[in-house]
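**Student:** My structure is stored as query-v8.csv, with CSV, C-alpha atoms.
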chain,number,residue,atom,x,y,z
A,14,MET,CA,-103.6,-7.4,97.2
A,15,THR,CA,-106.3,-5.6,99.1
A,16,ASN,CA,-106.7,-4.3,102.6
A,17,GLU,CA,-110.4,-4.9,102.7
A,18,ARG,CA,-111.7,-6.6,105.8
A,19,PRO,CA,-112.8,-10.2,105.1
A,20,ALA,CA,-116.6,-10.5,104.9
A,21,ARG,CA,-116.7,-13.2,107.6
A,22,GLU,CA,-113.8,-12.2,109.8
A,23,LEU,CA,-115.2,-14.1,112.8
A,24,ALA,CA,-115.7,-17.4,111.0
A,25,GLY,CA,-115.3,-20.3,113.3
A,26,GLN,CA,-115.6,-18.2,116.4
A,27,ALA,CA,-118.4,-18.2,119.0
A,28,ALA,CA,-120.0,-15.2,120.8
A,29,LEU,CA,-122.3,-14.8,123.8
A,30,VAL,CA,-124.4,-11.6,123.7
A,31,THR,CA,-126.6,-10.8,126.7
A,32,GLY,CA,-129.7,-8.7,126.3
A,33,ALA,CA,-129.8,-9.7,122.7
A,34,SER,CA,-133.5,-9.9,122.0
A,35,ARG,CA,-134.0,-6.3,120.9
A,36,GLY,CA,-132.4,-2.9,120.4
A,37,ILE,CA,-128.7,-2.7,120.4
A,38,GLY,CA,-128.2,-6.3,121.6
A,39,ARG,CA,-130.3,-7.6,118.7
A,40,ALA,CA,-128.2,-5.6,116.2
A,41,ILE,CA,-125.0,-6.8,117.8
A,42,ALA,CA,-126.1,-10.5,117.5
A,43,LEU,CA,-127.0,-10.0,113.9
A,44,GLN,CA,-123.7,-8.3,113.1
A,45,LEU,CA,-121.6,-10.9,114.8
A,46,ALA,CA,-123.4,-13.6,113.0
A,47,ALA,CA,-122.9,-11.8,109.7
A,48,ALA,CA,-119.2,-11.8,110.5
A,49,GLY,CA,-119.3,-15.6,110.7
A,50,ALA,CA,-119.6,-16.2,114.5
A,51,GLY,CA,-121.9,-18.7,116.1
A,52,VAL,CA,-124.1,-16.6,118.4
A,53,MET,CA,-125.7,-17.5,121.7
A,54,VAL,CA,-128.6,-15.0,122.0
A,55,ALA,CA,-129.2,-14.4,125.7
A,56,TYR,CA,-132.5,-12.9,126.8
A,57,HIS,CA,-134.3,-12.4,130.1
A,58,ARG,CA,-138.1,-12.0,129.4
A,59,GLN,CA,-138.4,-11.5,125.6
A,60,GLN,CA,-138.3,-15.1,124.4
A,61,THR,CA,-140.4,-14.6,121.3
A,62,GLN,CA,-138.1,-11.7,120.2
A,63,ALA,CA,-135.0,-13.7,121.0
A,64,GLU,CA,-136.2,-16.6,118.9
A,65,ALA,CA,-136.9,-14.2,116.1
A,66,VAL,CA,-133.3,-13.1,116.2
A,67,VAL,CA,-132.2,-16.7,116.1
A,68,ALA,CA,-134.5,-17.3,113.1
A,69,ALA,CA,-133.1,-14.3,111.2
A,70,ILE,CA,-129.5,-15.5,111.8
A,71,ARG,CA,-130.3,-19.0,110.6
A,72,ALA,CA,-132.2,-17.7,107.6
A,73,ALA,CA,-129.1,-15.9,106.6
A,74,GLY,CA,-127.0,-19.1,106.9
A,75,GLY,CA,-125.6,-18.5,110.4
A,76,GLU,CA,-125.6,-20.5,113.6
A,77,ALA,CA,-127.5,-19.3,116.7
A,78,GLU,CA,-129.3,-20.5,119.8
A,79,ALA,CA,-131.4,-18.6,122.3
A,80,ILE,CA,-131.0,-19.0,126.0
A,81,ARG,CA,-132.8,-17.4,129.0
A,82,VAL,CA,-130.4,-15.7,131.3
A,83,ASP,CA,-131.1,-13.5,134.3
A,84,VAL,CA,-127.7,-11.8,134.6
A,85,ARG,CA,-128.5,-10.9,138.2
A,86,ASP,CA,-128.0,-14.6,139.0
A,87,PRO,CA,-124.3,-15.6,138.8
A,88,ALA,CA,-125.2,-19.3,138.3
A,89,ALA,CA,-127.3,-18.3,135.3
A,90,CYS,CA,-124.3,-16.5,133.8
A,91,GLU,CA,-122.1,-19.5,134.3
A,92,ALA,CA,-124.7,-21.7,132.7
A,93,ALA,CA,-124.9,-19.4,129.7
A,94,VAL,CA,-121.2,-19.5,129.2
A,95,ALA,CA,-121.2,-23.3,129.6
A,96,ALA,CA,-124.1,-23.6,127.1
A,97,THR,CA,-122.1,-21.5,124.6
A,98,VAL,CA,-119.1,-23.7,124.9
A,99,ASP,CA,-121.3,-26.9,124.7
A,100,ARG,CA,-123.0,-25.6,121.5
A,101,PHE,CA,-120.1,-24.1,119.6
A,102,GLY,CA,-117.1,-25.7,121.3
A,103,ARG,CA,-115.6,-22.4,122.4
A,104,ILE,CA,-116.3,-18.8,123.5
A,105,ASP,CA,-114.2,-16.1,121.8
A,106,VAL,CA,-116.4,-13.1,122.2
A,107,LEU,CA,-118.5,-11.9,125.2
A,108,VAL,CA,-120.7,-8.9,124.8
A,109,ASN,CA,-122.1,-7.7,128.2
A,110,ASN,CA,-125.1,-5.8,126.9
A,111,ALA,CA,-128.0,-6.6,129.2
A,112,GLY,CA,-129.2,-3.5,131.0
A,113,THR,CA,-132.2,-1.6,132.4
A,114,ALA,CA,-132.7,2.2,132.6
A,115,LEU,CA,-133.8,4.3,135.5
A,116,GLU,CA,-134.7,8.0,135.2
A,117,LYS,CA,-135.2,9.3,138.7
A,118,LEU,CA,-133.8,11.9,141.0
A,119,LEU,CA,-131.5,10.4,143.6
A,120,VAL,CA,-133.8,11.4,146.5
A,121,ASP,CA,-136.6,9.4,144.8
A,122,THR,CA,-134.4,6.3,144.0
A,123,THR,CA,-135.2,3.5,146.4
A,124,LEU,CA,-132.6,1.1,147.7
A,125,GLN,CA,-134.2,-1.7,145.8
A,126,GLU,CA,-134.0,0.2,142.5
A,127,TRP,CA,-130.3,1.0,143.2
A,128,SER,CA,-129.6,-2.7,144.1
A,129,ASP,CA,-131.4,-3.9,140.9
A,130,LEU,CA,-129.2,-1.6,138.7
A,131,VAL,CA,-126.1,-2.8,140.4
A,132,ALA,CA,-127.2,-6.4,140.0
A,133,VAL,CA,-127.9,-6.1,136.3
A,134,HIS,CA,-125.1,-3.9,135.2
A,135,LEU,CA,-122.3,-4.7,137.5
A,136,THR,CA,-122.9,-8.1,139.0
A,137,GLY,CA,-124.1,-9.4,135.6
A,138,MET,CA,-121.0,-8.1,133.9
A,139,TYR,CA,-118.8,-9.5,136.6
A,140,ALA,CA,-120.4,-12.9,136.6
A,141,CYS,CA,-120.5,-13.4,132.8
A,142,THR,CA,-117.0,-12.2,132.4
A,143,ARG,CA,-115.6,-14.3,135.3
A,144,ALA,CA,-117.3,-17.4,133.8
A,145,ALA,CA,-115.9,-16.7,130.3
A,146,LEU,CA,-112.3,-15.9,131.3
A,147,PRO,CA,-111.0,-19.4,132.0
A,148,HIS,CA,-111.9,-20.5,128.5
A,149,MET,CA,-110.3,-17.5,127.0
A,150,LEU,CA,-107.2,-17.7,129.2
A,151,ALA,CA,-106.8,-21.4,128.2
A,152,ARG,CA,-106.7,-20.4,124.6
A,153,ARG,CA,-104.9,-17.1,125.1
A,154,TYR,CA,-107.4,-15.3,123.1
A,155,GLY,CA,-110.7,-13.4,123.7
A,156,ARG,CA,-112.7,-10.3,123.2
A,157,ILE,CA,-114.7,-8.8,126.0
A,158,ILE,CA,-117.0,-5.9,125.1
A,159,THR,CA,-119.4,-4.1,127.4
A,160,VAL,CA,-122.1,-1.8,126.3
A,161,SER,CA,-121.9,1.1,128.7
A,162,SER,CA,-123.3,4.6,128.2
A,163,ILE,CA,-122.3,8.2,127.6
A,164,TRP,CA,-123.7,8.9,131.1
A,165,GLY,CA,-121.0,6.7,132.5
A,166,ILE,CA,-118.5,9.3,131.2
A,167,THR,CA,-120.3,12.6,131.9
A,168,GLY,CA,-123.0,11.7,134.4
A,169,ALA,CA,-126.6,12.9,134.0
A,170,ALA,CA,-128.9,14.8,136.3
A,171,GLY,CA,-131.9,12.6,137.0
A,172,GLU,CA,-130.0,9.5,136.2
A,173,VAL,CA,-127.5,9.4,139.0
A,174,ALA,CA,-127.8,5.7,139.8
A,175,TYR,CA,-127.7,4.7,136.1
A,176,SER,CA,-124.7,6.9,135.6
A,177,ALA,CA,-122.9,5.4,138.6
A,178,VAL,CA,-123.3,1.8,137.4
A,179,LYS,CA,-122.2,2.7,133.9
A,180,ALA,CA,-119.2,4.5,135.3
A,181,GLY,CA,-118.5,1.2,137.2
A,182,GLN,CA,-118.6,-0.7,133.9
A,183,ASN,CA,-116.0,1.7,132.4
A,184,GLY,CA,-113.7,1.3,135.4
A,185,PHE,CA,-114.1,-2.5,135.3
A,186,THR,CA,-113.1,-2.4,131.6
A,187,ARG,CA,-110.0,-0.3,132.1
A,188,ALA,CA,-108.7,-2.4,135.0
A,189,LEU,CA,-109.5,-5.9,133.5
A,190,ALA,CA,-107.8,-4.9,130.3
A,191,GLN,CA,-104.5,-4.6,132.2
A,192,GLU,CA,-105.0,-7.9,133.9
A,193,VAL,CA,-105.7,-10.0,130.9
A,194,GLY,CA,-103.9,-8.2,128.1
A,195,PRO,CA,-100.8,-10.4,128.4
A,196,PHE,CA,-103.0,-13.4,127.6
A,197,GLY,CA,-104.2,-12.1,124.3
A,198,ILE,CA,-107.6,-10.9,125.6
A,199,THR,CA,-108.8,-7.4,124.9
A,200,VAL,CA,-111.4,-5.7,127.0
A,201,ASN,CA,-113.3,-2.6,125.8
A,202,ALA,CA,-116.5,-0.7,126.4
A,203,VAL,CA,-118.8,1.0,123.9
A,204,ALA,CA,-120.6,4.0,125.5
A,205,PRO,CA,-123.3,5.1,123.2
A,206,GLY,CA,-125.1,8.5,123.3
A,207,ALA,CA,-128.8,8.6,122.5
A,208,ILE,CA,-129.7,5.7,120.2
A,209,ASP,CA,-133.0,5.2,118.5
A,210,THR,CA,-134.3,2.3,120.6
A,211,GLU,CA,-137.3,1.4,122.7
A,212,MET,CA,-135.3,2.5,125.8
A,213,ASN,CA,-135.1,6.0,124.4
A,214,SER,CA,-138.7,6.1,123.2
A,215,PHE,CA,-139.4,8.8,125.8
A,216,LEU,CA,-137.5,11.3,123.6
A,217,GLN,CA,-140.4,12.7,121.6
A,218,GLY,CA,-141.7,16.1,120.5
A,219,ASP,CA,-140.0,19.0,122.3
A,220,ASP,CA,-137.8,16.8,124.3
A,221,LEU,CA,-136.4,15.2,121.2
A,222,GLU,CA,-135.9,18.5,119.5
A,223,GLU,CA,-134.1,19.9,122.5
A,224,TRP,CA,-131.8,16.9,122.6
A,225,LEU,CA,-131.0,17.0,118.9
A,226,ARG,CA,-129.9,20.6,119.3
A,227,ARG,CA,-127.1,19.3,121.5
A,228,VAL,CA,-126.0,16.7,118.9
A,229,PRO,CA,-123.7,18.1,116.2
A,230,VAL,CA,-124.7,15.5,113.6
A,231,GLY,CA,-128.4,16.4,114.3
A,232,ARG,CA,-129.9,13.0,114.8
A,233,LEU,CA,-130.1,9.9,117.1
A,234,GLY,CA,-127.7,7.1,116.5
A,235,THR,CA,-128.9,3.7,115.2
A,236,PRO,CA,-128.4,0.3,116.8
A,237,ASP,CA,-126.6,-0.9,113.7
A,238,GLU,CA,-124.0,1.9,114.1
A,239,VAL,CA,-123.3,0.7,117.7
A,240,ALA,CA,-123.2,-2.9,116.5
A,241,ALA,CA,-120.7,-2.1,113.8
A,242,LEU,CA,-118.3,-0.8,116.4
A,243,VAL,CA,-118.8,-3.9,118.5
A,244,ARG,CA,-118.2,-6.0,115.5
A,245,PHE,CA,-114.9,-4.2,114.8
A,246,LEU,CA,-113.8,-4.6,118.4
A,247,ALA,CA,-114.6,-8.3,118.3
A,248,GLY,CA,-112.6,-8.8,115.2
A,249,PRO,CA,-108.9,-9.5,114.3
A,250,ASP,CA,-108.1,-5.9,113.4
A,251,ALA,CA,-108.8,-4.7,116.9
A,252,GLY,CA,-106.0,-6.6,118.7
A,253,PHE,CA,-104.1,-3.5,119.7
A,254,ILE,CA,-107.2,-1.7,121.2
A,255,THR,CA,-107.9,-2.6,124.8
A,256,GLY,CA,-108.9,-0.8,128.0
A,257,GLN,CA,-110.8,1.8,125.9
A,258,VAL,CA,-114.2,3.4,126.4
A,259,ILE,CA,-115.4,4.4,123.0
A,260,SER,CA,-118.4,6.6,122.8
A,261,PRO,CA,-120.4,6.8,119.5
A,262,ASN,CA,-122.5,9.9,120.5
A,263,GLY,CA,-122.8,12.1,117.4
A,264,GLY,CA,-120.3,14.7,118.9
A,265,VAL,CA,-122.2,15.5,122.1
A,266,VAL,CA,-119.0,14.7,124.0
A,267,VAL,CA,-115.7,15.1,122.2
Do you think you could lay out the structure here as structure tokens?

**Tutor:**
Amino acid sequence: MTNERPARELAGQAALVTGASRGIGRAIALQLAAAGAGVMVAYHRQQTQAEAVVAAIRAAGGEAEAIRVDVRDPAACEAAVAATVDRFGRIDVLVNNAGTALEKLLVDTTLQEWSDLVAVHLTGMYACTRAALPHMLARRYGRIITVSSIWGITGAAGEVAYSAVKAGQNGFTRALAQEVGPFGITVNAVAPGAIDTEMNSFLQGDDLEEWLRRVPVGRLGTPDEVAALVRFLAGPDAGFITGQVISPNGGVVV
């Protein structure tokens, strides 16, 4: 006998991944598909990139569809969950990954910018999760995973609003895990440090060198490394892990 994880541990399951057209979301969609899940690739503006993710999944023998979702709109979130169930017959995994960044001092942050961050990160997470939960509760099984940020744990000067909404995601995760744990549903957050994505493209030259001096492993993380953690949390071996905020950050915070 062997204790190796099956290559397609999510075979027969279905996942909805928001913000899945690029970066970490793209890597998550590809990893879940590689694990055997049918994947609904949700995007907001990047239709061409989302369709490329779908094409890559199908080329590898997987099942996927793309759907436009503005997570600020609860009705759009409900429609995305319904489309996932219509397409795959179920929803087992929800990954709340859609997000936007804001690097500004608080005194320079407008009310509209604050409201937009709350709408994307908190209202979107709430609406998608609330829409998915009845399906998971009916089957007494589900995996809800939110991509948060290290700044939701430590806070960051110059990113107060962003840190606040990410901390809100972490609190949501811990509380909901206690509500739905008795129904076979786990709820976790992944809070990455600096990952080599378009969102962190501002880290260049001296700024990048300064940041890397703070990172014990001496490099940025990769989207695939974050996605591998999400894949594990979505799988059968993670059933005893819930209410956790796990931060792949290269040792910046230990």

**Student:** Considering all atoms listed in the file, tabulate each residue of segment 22-140 of chain A that lies at most 12 Å from segment 174-193 of chain A along with its nearest interatomic pair and the corresponding distance in Å to one decimal; arrange the rows by chain and ascending residue number and present them as CSV.

**Tutor:**
residue,atom,partner,partner_atom,distance
A:Asn109,CA,A:Gln182,CA,9.7
A:Asn110,CA,A:Gln182,CA,10.8
A:Ala111,CA,A:Lys179,CA,11.9
A:Gly112,CA,A:Tyr175,CA,9.8
A:Thr113,CA,A:Tyr175,CA,8.6
A:Ala114,CA,A:Tyr175,CA,6.6
A:Leu115,CA,A:Tyr175,CA,6.1
A:Glu116,CA,A:Tyr175,CA,7.8
A:Lys117,CA,A:Ala174,CA,8.3
A:Leu118,CA,A:Ala174,CA,8.7
A:Leu119,CA,A:Ala174,CA,7.1
A:Val120,CA,A:Ala174,CA,10.6
A:Asp121,CA,A:Ala174,CA,10.8
A:Thr122,CA,A:Ala174,CA,7.8
A:Thr123,CA,A:Ala174,CA,10.2
A:Leu124,CA,A:Ala174,CA,10.3
A:Gln125,CA,A:Ala174,CA,11.5
A:Glu126,CA,A:Ala174,CA,8.7
A:Trp127,CA,A:Ala174,CA,6.3
A:Ser128,CA,A:Ala174,CA,9.6
A:Asp129,CA,A:Ala174,CA,10.3
A:Leu130,CA,A:Val178,CA,6.9
A:Val131,CA,A:Val178,CA,6.2
A:Ala132,CA,A:Val178,CA,9.4
A:Val133,CA,A:Val178,CA,9.2
A:His134,CA,A:Val178,CA,6.4
A:Leu135,CA,A:Gln182,CA,6.5
A:Thr136,CA,A:Gln182,CA,10.0
A:Gly137,CA,A:Gln182,CA,10.4
A:Met138,CA,A:Gln182,CA,7.8
A:Tyr139,CA,A:Phe185,CA,8.5

**Student:** Neighbouring residues of Val266 of chain A were defined as those with any atom within 10 Å, considering all atoms listed in the file; residues of the same chain fewer than 2 positions away were excluded. Please report them as a list in words.

**Tutor:**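 Once the nearby chain positions are removed, what remains is Ile163, Ile166, Thr167, Gly206, Arg227, Val228, Pro229, Ser260, Pro261, Asn262, Gly263 and Gly264 of chain A.
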
**Student:** Any chance you can output those residues with C-alpha atoms as a short mmCIF file (atom, residue, chain, number, x, y, z; two decimals), in the coordinates of the input?

**Tutor:**
data_model
loop_
_atom_site.label_atom_id
_atom_site.label_comp_id
_atom_site.auth_asym_id
_atom_site.auth_seq_id
_atom_site.Cartn_x
_atom_site.Cartn_y
_atom_site.Cartn_z
CA ILE A 163 -122.30 8.20 127.60
CA ILE A 166 -118.50 9.30 131.20
CA THR A 167 -120.30 12.60 131.90
CA GLY A 206 -125.10 8.50 123.30
CA ARG A 227 -127.10 19.30 121.50
CA VAL A 228 -126.00 16.70 118.90
CA PRO A 229 -123.70 18.10 116.20
CA SER A 260 -118.40 6.60 122.80
CA PRO A 261 -120.40 6.80 119.50
CA ASN A 262 -122.50 9.90 120.50
CA GLY A 263 -122.80 12.10 117.40
CA GLY A 264 -120.30 14.70 118.90
#

**Student:** What is the atom CA of Gly74 of chain A to atom CA of Asp209 of chain A distance in Å?

**Tutor:**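 Separation between atom CA of Gly74 of chain A and atom CA of Asp209 of chain A: 27.6 Å.
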
**Student:** Excluding Arg244 of chain A and its own-chain neighbours fewer than 6 positions away, which residues fall within 8 Å of it when counting only C-alpha atoms? Please give them as a short mmCIF file (atom, residue, chain, number, x, y, z; two decimals) with C-alpha atoms, in the coordinates of the input.

**Tutor:**
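Output file out-v3.cif is given in full below:
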data_model
loop_
_atom_site.label_atom_id
_atom_site.label_comp_id
_atom_site.auth_asym_id
_atom_site.auth_seq_id
_atom_site.Cartn_x
_atom_site.Cartn_y
_atom_site.Cartn_z
CA ILE A 41 -125.00 -6.80 117.80
CA GLN A 44 -123.70 -8.30 113.10
CA LEU A 45 -121.60 -10.90 114.80
CA ALA A 48 -119.20 -11.80 110.50
#

**Student:** Mind checking which residues fall within 6 Å of Leu107 of chain A, counting all atoms listed in the file, ignoring those fewer than 4 positions away in the same chain, and posting them as a list in words?

**Tutor:**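 So, after excluding close chain neighbours, the residues are Ala28, Leu29 and Ile157 of chain A.
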
**Student:** Can you spit out the residues from that selection as a PDB file, keeping the file's coordinate frame, using C-alpha atoms?

**Tutor:**
ATOM      1  CA  ALA A  28    -120.000 -15.200 120.800  1.00  0.00           C
ATOM      2  CA  LEU A  29    -122.300 -14.800 123.800  1.00  0.00           C
ATOM      3  CA  ILE A 157    -114.700  -8.800 126.000  1.00  0.00           C
TER       4      ILE A 157
END

**Student:** Which one of A:Val94, A:Ala68, A:Arg103, A:Ala88 sits closest to Gly51 of chain A if you count all atoms listed in the file?

**Tutor:**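 Ranking A:Val94, A:Ala68, A:Arg103, A:Ala88 by distance to Gly51 of chain A, first place goes to A:Arg103.
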
**Student:** Pick the closest to Pro147 of chain A from A:Leu221, A:Leu242, A:Ile104, A:Val160: which is it, counting only C-alpha atoms?

**Tutor:** A:Ile104

**Student:** So the first atom is atom CA of Asp105 of chain A and the second is atom CA of Arg156 of chain A; what is the distance between them in Å, to one decimal place?

**Tutor:**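 We find that atom CA of Asp105 of chain A and atom CA of Arg156 of chain A lie 6.2 Å from each other.
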
**Student:** Given 3 Å of margin on each side, can you work out the centre and size in Å (one decimal) of an axis-aligned box holding every listed atom of segment 235-241 of chain A, as lines of an AutoDock Vina configuration file?

**Tutor:**
center_x = -124.8
center_y = 0.4
center_z = 115.7
size_x = 14.2
size_y = 12.6
size_z = 10.0

**Student:** In Å, rounded to a single decimal, give me how far atom CA of Pro236 of chain A is from atom CA of Trp224 of chain A.

**Tutor:**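 Atom-to-atom, atom CA of Trp224 of chain A to atom CA of Pro236 of chain A, that is 17.9 Å.
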
**Student:** Under the rule that only C-alpha atoms are counted, which of A:Gly171, A:Gly197, A:Gly75, A:Gly38 is the nearest residue to Gly25 of chain A?

**Tutor:** A:Gly75

**Student:** Between A:Phe101, A:Glu76, A:Glu238, A:Ala55, which is the closest to Ala89 of chain A once you count only C-alpha atoms?

**Tutor:** A:Ala55

**Student:** Pick the closest to Arg35 of chain A from A:Ala145, A:Ala77, A:Asp99, A:Thr210: which is it, counting all atoms listed in the file?

**Tutor:** A:Thr210

**Student:** When you count all atoms listed in the file, which of these residues is closest to Ala202 of chain A: A:Cys141, A:Ala169, A:Val54, A:Leu246?

**Tutor:** A:Leu246
